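Student: Just one file: start-v7.cif, with mmCIF, C-alpha atoms.
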```
data_final
loop_
_atom_site.label_atom_id
_atom_site.label_comp_id
_atom_site.auth_asym_id
_atom_site.auth_seq_id
_atom_site.Cartn_x
_atom_site.Cartn_y
_atom_site.Cartn_z
CA SER A 87 98.45 115.35 132.32
CA PHE A 88 98.43 111.60 133.02
CA ALA A 89 101.92 110.38 133.77
CA ASN A 90 100.44 107.87 136.23
CA LYS A 91 97.76 105.31 135.43
CA VAL A 92 94.33 106.87 135.91
CA ASP A 93 91.02 104.97 136.04
CA ILE A 94 87.87 106.94 135.19
CA LYS A 95 84.50 105.24 135.58
CA PHE A 96 81.53 106.40 133.51
CA ASP A 97 78.33 105.26 135.19
CA SER A 98 74.90 105.25 133.59
CA GLY A 99 73.42 108.70 133.32
CA LEU A 100 75.52 111.85 133.28
CA THR A 101 79.19 112.00 134.22
CA ALA A 102 80.75 115.45 134.61
CA VAL A 103 84.48 116.13 134.63
CA VAL A 104 85.25 119.46 136.27
CA GLY A 105 88.57 121.24 136.61
CA PRO A 106 90.51 124.43 135.81
CA ASN A 107 92.08 125.19 132.45
CA GLY A 108 95.01 122.91 131.72
CA SER A 109 93.99 120.19 134.16
CA GLY A 110 93.46 117.59 131.45
CA LYS A 111 89.68 117.54 130.94
CA SER A 112 89.97 117.51 127.16
CA ASN A 113 92.66 114.84 127.37
CA ILE A 114 89.95 112.40 128.49
CA THR A 115 87.89 112.81 125.32
CA ASP A 116 91.10 112.84 123.27
CA ALA A 117 92.10 109.54 124.89
CA ILE A 118 88.76 107.97 123.96
CA ARG A 119 89.05 109.20 120.38
CA TRP A 120 92.68 108.00 120.26
CA VAL A 121 92.03 104.47 121.56
CA LEU A 122 89.27 104.09 118.96
CA GLY A 123 91.84 104.64 116.22
CA GLU A 124 92.30 108.36 115.63
CA GLN A 125 95.27 108.80 113.25
CA SER A 126 95.43 112.59 113.05
CA ALA A 127 97.58 114.25 115.72
CA ARG A 128 95.82 117.55 115.03
CA SER A 129 92.46 116.03 115.97
CA ILE A 130 93.83 115.42 119.46
CA ARG A 131 95.57 118.80 119.68
CA GLY A 132 99.05 117.56 118.84
CA VAL A 133 101.65 118.22 116.18
CA LYS A 134 102.88 114.63 115.84
CA MET A 135 101.40 111.44 117.27
CA GLU A 136 104.28 110.97 119.72
CA ASP A 137 102.95 114.06 121.55
CA VAL A 138 100.51 111.78 123.40
CA ILE A 139 103.46 110.25 125.29
CA PHE A 140 104.34 111.97 128.57
CA ASN A 141 107.39 114.09 127.79
CA GLY A 142 108.71 114.54 131.32
CA THR A 143 109.16 117.51 133.64
CA ASP A 144 112.02 118.96 135.67
CA SER A 145 111.24 116.49 138.45
CA ARG A 146 110.00 113.51 136.46
CA PRO A 147 111.58 111.56 133.57
CA PRO A 148 109.71 111.10 130.27
CA MET A 149 107.78 107.91 129.52
CA ASN A 150 108.51 105.62 126.58
CA VAL A 151 104.93 104.51 125.91
CA ALA A 152 101.37 105.83 126.01
CA LYS A 153 98.53 103.41 126.69
CA VAL A 154 94.76 103.78 126.83
CA LYS A 155 92.34 100.97 127.66
CA LEU A 156 88.61 101.44 127.13
CA GLN A 157 86.36 98.95 128.90
CA LEU A 158 82.78 98.72 127.61
CA ASP A 159 79.73 96.95 129.02
CA ASN A 160 78.51 94.57 126.29
CA GLU A 161 75.85 92.56 128.13
CA SER A 162 73.27 93.73 125.58
CA ARG A 163 75.60 92.53 122.77
CA THR A 164 75.59 95.96 121.14
CA LEU A 165 79.01 95.06 119.78
CA PRO A 166 79.31 91.78 117.82
CA VAL A 167 81.53 90.12 120.41
CA GLU A 168 80.47 87.14 122.53
CA SER A 169 81.59 88.71 125.78
CA ASP A 170 79.86 90.74 128.50
CA GLU A 171 82.79 93.17 128.45
CA VAL A 172 84.81 94.47 125.52
CA ASN A 173 88.24 95.93 126.18
CA ILE A 174 89.87 98.06 123.53
CA MET A 175 93.51 98.98 124.08
CA ARG A 176 96.04 100.98 122.12
CA LYS A 177 99.74 101.45 122.80
CA LEU A 178 102.15 103.85 121.15
CA TYR A 179 105.90 103.64 121.67
CA ARG A 180 108.34 106.49 121.27
CA ASN A 181 109.92 104.78 118.24
CA GLY A 182 106.54 105.12 116.45
CA ASP A 183 105.36 101.50 116.80
CA SER A 184 101.66 101.02 117.56
CA GLU A 185 99.77 98.07 119.00
CA TYR A 186 96.01 97.47 119.13
CA PHE A 187 94.15 94.93 121.25
CA ILE A 188 90.58 93.64 121.56
CA ASN A 189 90.04 91.77 124.83
CA ASP A 190 93.83 91.54 125.28
CA GLU A 191 94.31 89.86 121.88
CA ARG A 192 96.57 91.63 119.39
CA THR A 193 94.61 92.94 116.43
CA ARG A 194 94.71 95.50 113.62
CA LEU A 195 93.26 98.99 113.48
CA LYS A 196 90.91 97.79 110.73
CA GLU A 197 89.26 95.27 113.10
CA ILE A 198 88.67 97.99 115.72
CA THR A 199 87.21 100.34 113.12
CA GLU A 200 84.85 97.65 111.78
CA LEU A 201 83.85 96.62 115.30
CA PHE A 202 82.40 100.05 116.00
CA LEU A 203 80.82 100.74 112.62
CA ASP A 204 77.18 101.83 113.09
CA SER A 205 77.45 101.37 116.86
CA GLY A 206 77.35 105.11 117.50
CA LEU A 207 80.84 104.90 118.95
CA GLY A 208 83.96 105.46 116.90
CA LYS A 209 86.66 107.96 116.12
CA ASN A 210 84.56 109.59 113.38
CA ALA A 211 81.15 109.11 115.00
CA TYR A 212 79.25 111.93 116.62
CA ASN A 213 79.39 110.53 120.13
CA ILE A 214 82.26 112.96 120.80
CA ILE A 215 81.48 116.56 119.85
CA SER A 216 84.18 119.08 120.66
CA GLN A 217 83.84 122.80 121.23
CA GLY A 218 82.67 124.56 118.10
CA GLU A 219 81.47 121.39 116.38
CA VAL A 220 77.81 121.97 117.27
CA GLU A 221 77.78 125.22 115.30
CA SER A 222 79.62 123.60 112.38
CA LEU A 223 77.04 120.78 112.30
CA LEU A 224 74.19 123.30 112.20
CA LYS A 225 75.90 125.15 109.35
CA ALA A 226 76.87 121.96 107.49
CA ARG A 227 76.06 121.46 103.82
CA ALA A 228 73.44 118.93 102.77
CA ASP A 229 76.03 116.30 101.82
CA GLU A 230 77.78 116.75 105.18
CA ARG A 231 74.48 116.32 107.03
CA ARG A 232 73.84 113.19 104.99
CA VAL A 233 77.00 111.60 106.43
CA LEU A 234 75.67 112.25 109.94
CA ILE A 235 72.23 110.80 109.09
CA GLU A 236 73.80 107.71 107.50
CA GLU A 237 75.95 107.18 110.59
CA VAL A 238 72.91 107.36 112.87
CA ALA A 239 70.78 105.22 110.53
CA GLY A 240 73.39 102.45 110.49
CA VAL A 241 74.27 102.32 106.80
CA MET A 242 77.90 103.45 106.96
CA LYS A 243 79.06 99.85 107.43
CA TYR A 244 77.48 98.78 104.15
CA LYS A 245 78.79 101.80 102.26
CA LYS A 246 82.29 101.01 103.50
CA ARG A 247 81.97 97.36 102.41
CA LYS A 248 80.69 98.46 98.99
CA LYS A 249 83.66 100.81 98.58
CA GLU A 250 86.09 98.01 99.45
CA SER A 251 84.35 95.60 97.05
CA VAL A 252 84.47 98.13 94.20
CA LYS A 253 88.17 98.68 94.87
CA ARG A 254 88.85 94.92 94.72
CA LEU A 255 86.89 94.66 91.45
CA GLU A 256 88.97 97.45 89.92
CA GLU A 257 92.17 95.72 91.01
CA THR A 258 90.91 92.46 89.48
CA ARG A 259 90.14 94.25 86.19
CA ASP A 260 93.66 95.69 86.15
CA ASN A 261 95.14 92.24 86.78
CA LEU A 262 93.03 90.70 83.98
CA SER A 263 94.13 93.45 81.63
CA ARG A 264 97.78 92.71 82.39
CA VAL A 265 97.18 88.96 81.90
CA ASN A 266 95.59 89.63 78.49
CA ASP A 267 98.58 91.78 77.51
CA ILE A 268 100.94 88.94 78.47
CA ILE A 269 98.83 86.39 76.55
CA GLN A 270 98.87 88.56 73.43
CA GLU A 271 102.64 89.08 73.71
CA LEU A 272 103.28 85.34 74.11
CA SER A 273 100.86 84.53 71.27
CA SER A 274 102.68 86.88 68.91
CA ARG A 275 106.00 85.29 69.87
CA CYS A 276 104.62 81.79 69.23
CA LEU A 277 103.33 82.84 65.80
CA LEU A 278 106.70 84.34 64.96
CA TYR A 279 108.51 81.19 66.08
CA THR A 280 106.11 78.98 64.07
CA SER A 281 106.61 81.17 61.00
CA ASP A 282 110.40 81.00 61.30
CA ALA A 283 110.27 77.24 61.75
CA ALA A 284 108.14 76.87 58.63
CA ASP A 285 110.59 78.96 56.60
CA ASP A 286 113.48 76.78 57.77
CA SER A 287 111.67 73.61 56.71
CA LEU A 288 111.03 75.03 53.23
CA ARG A 289 114.69 75.75 52.84
#
```
Translate the structure described by the file into structure tokens.
Tutor:
Amino acid sequence: SFANKVDIKFDSGLTAVVGPNGSGKSNITDAIRWVLGEQSARSIRGVKMEDVIFNGTDSRPPMNVAKVKLQLDNESRTLPVESDEVNIMRKLYRNGDSEYFINDERTRLKEITELFLDSGLGKNAYNIISQGEVESLLKARADERRVLIEEVAGVMKYKKRKKESVKRLEETRDNLSRVNDIIQELSSRCLLYTSDAADDSLR
């Protein structure tokens, strides 16, 4: 729907996007979800991620890259960046390579994800609710509702950090276990060598 560059401005208050079926209304919310790091093609109504790249028509050649740039007002410092504006950009090339940028500086997806944790904005946050999701939220189980409440309450960031810390601790335990195995193996070899040497001296 967007072979050409399109700028859409969201002012304060309510912004409505109106158009007939197939005009690309849902592509706008998909683009926001995508630039924030969405990795599932199905979540943006595709089969594979390369589907976001304009595939051409009878009268227009296909493009080799898809790009979305999201510009956010940060005067209130809602995001932990010392800048009045925060620009998030994502590029995807037809060969499958991806690039992410924060304020035009190359970054990783992890940095973008952490930037928006507990901000209310993010690919998994509830700032974007698609058709049918309202009913699913109302019918959600208690544990699923808890995820929503934790997102709104601002504790998801700490739970994510705890999960990463626990994972690093487990990796450290595994490494220590391997080190102990090596020490025991070397110790047994040293004892064997010492024993053999003693036998030779007695002879």
Student: Counting all atoms listed in the file, which residues come within 12 Å of (105.4, 100.3, 120.8), with the point read in the file's coordinates, and could you list them as number ranges by chain?
Tutor: A: 136, 139, 149-153, 176-186
Student: Using all atoms listed in the file, which residues sit within 12 Å of stretch 90-107 of chain A once same-chain residues fewer than 5 positions away are excluded, as a compact mmCIF listing (two decimals) with C-alpha atoms, in the coordinates of the input?
Tutor:
```
# COMPACT_ATOMS: atom_id res chain seq x y z
CA SER A 112 89.97 117.51 127.16
CA ASN A 113 92.66 114.84 127.37
CA ILE A 114 89.95 112.40 128.49
CA THR A 115 87.89 112.81 125.32
CA ALA A 117 92.10 109.54 124.89
CA ILE A 118 88.76 107.97 123.96
CA ILE A 139 103.46 110.25 125.29
CA PHE A 140 104.34 111.97 128.57
CA GLY A 142 108.71 114.54 131.32
CA ARG A 146 110.00 113.51 136.46
CA PRO A 148 109.71 111.10 130.27
CA MET A 149 107.78 107.91 129.52
CA VAL A 151 104.93 104.51 125.91
CA ALA A 152 101.37 105.83 126.01
CA LYS A 153 98.53 103.41 126.69
CA VAL A 154 94.76 103.78 126.83
CA LYS A 155 92.34 100.97 127.66
CA LEU A 156 88.61 101.44 127.13
CA GLN A 157 86.36 98.95 128.90
CA LEU A 158 82.78 98.72 127.61
CA ASP A 159 79.73 96.95 129.02
```
Student: On this structure, which residues satisfy the PyMOL selection byres ((chain A and resi 196) around 12), written as a short mmCIF file (atom, residue, chain, number, x, y, z; two decimals) with C-alpha atoms, keeping the file's coordinate frame?
Tutor:
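Result file is result.cif:
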```cif
data_model
loop_
_atom_site.label_atom_id
_atom_site.label_comp_id
_atom_site.auth_asym_id
_atom_site.auth_seq_id
_atom_site.Cartn_x
_atom_site.Cartn_y
_atom_site.Cartn_z
CA LEU A 122 89.27 104.09 118.96
CA GLY A 123 91.84 104.64 116.22
CA GLU A 124 92.30 108.36 115.63
CA TYR A 186 96.01 97.47 119.13
CA PHE A 187 94.15 94.93 121.25
CA ILE A 188 90.58 93.64 121.56
CA THR A 193 94.61 92.94 116.43
CA ARG A 194 94.71 95.50 113.62
CA LEU A 195 93.26 98.99 113.48
CA GLU A 197 89.26 95.27 113.10
CA ILE A 198 88.67 97.99 115.72
CA THR A 199 87.21 100.34 113.12
CA GLU A 200 84.85 97.65 111.78
CA LEU A 201 83.85 96.62 115.30
CA PHE A 202 82.40 100.05 116.00
CA LEU A 203 80.82 100.74 112.62
CA LYS A 246 82.29 101.01 103.50
#
```
Student: Near A:Asp137, counting all atoms listed in the file, which residues have an atom at most 10 Å away, once you skip same-chain residues fewer than 4 positions from it, shown as a VMD selection string?
Tutor: chain A and resid 127 130 to 133 141 152 180
Student: Please indicate the distance in Å from atom CA of A:Val167 to atom CA of A:Glu191, rounded to one decimal place.
Tutor: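 Answer for the atom CA of A:Val167 to atom CA of A:Glu191 separation: 12.9 Å.
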Student: Please expand the PyMOL selection byres ((chain A and resi 170) around 12) into the concrete residues it hits in this file, giving the result as a PyMOL selection string.
Tutor: chain A and resi 157-169+171-173+189
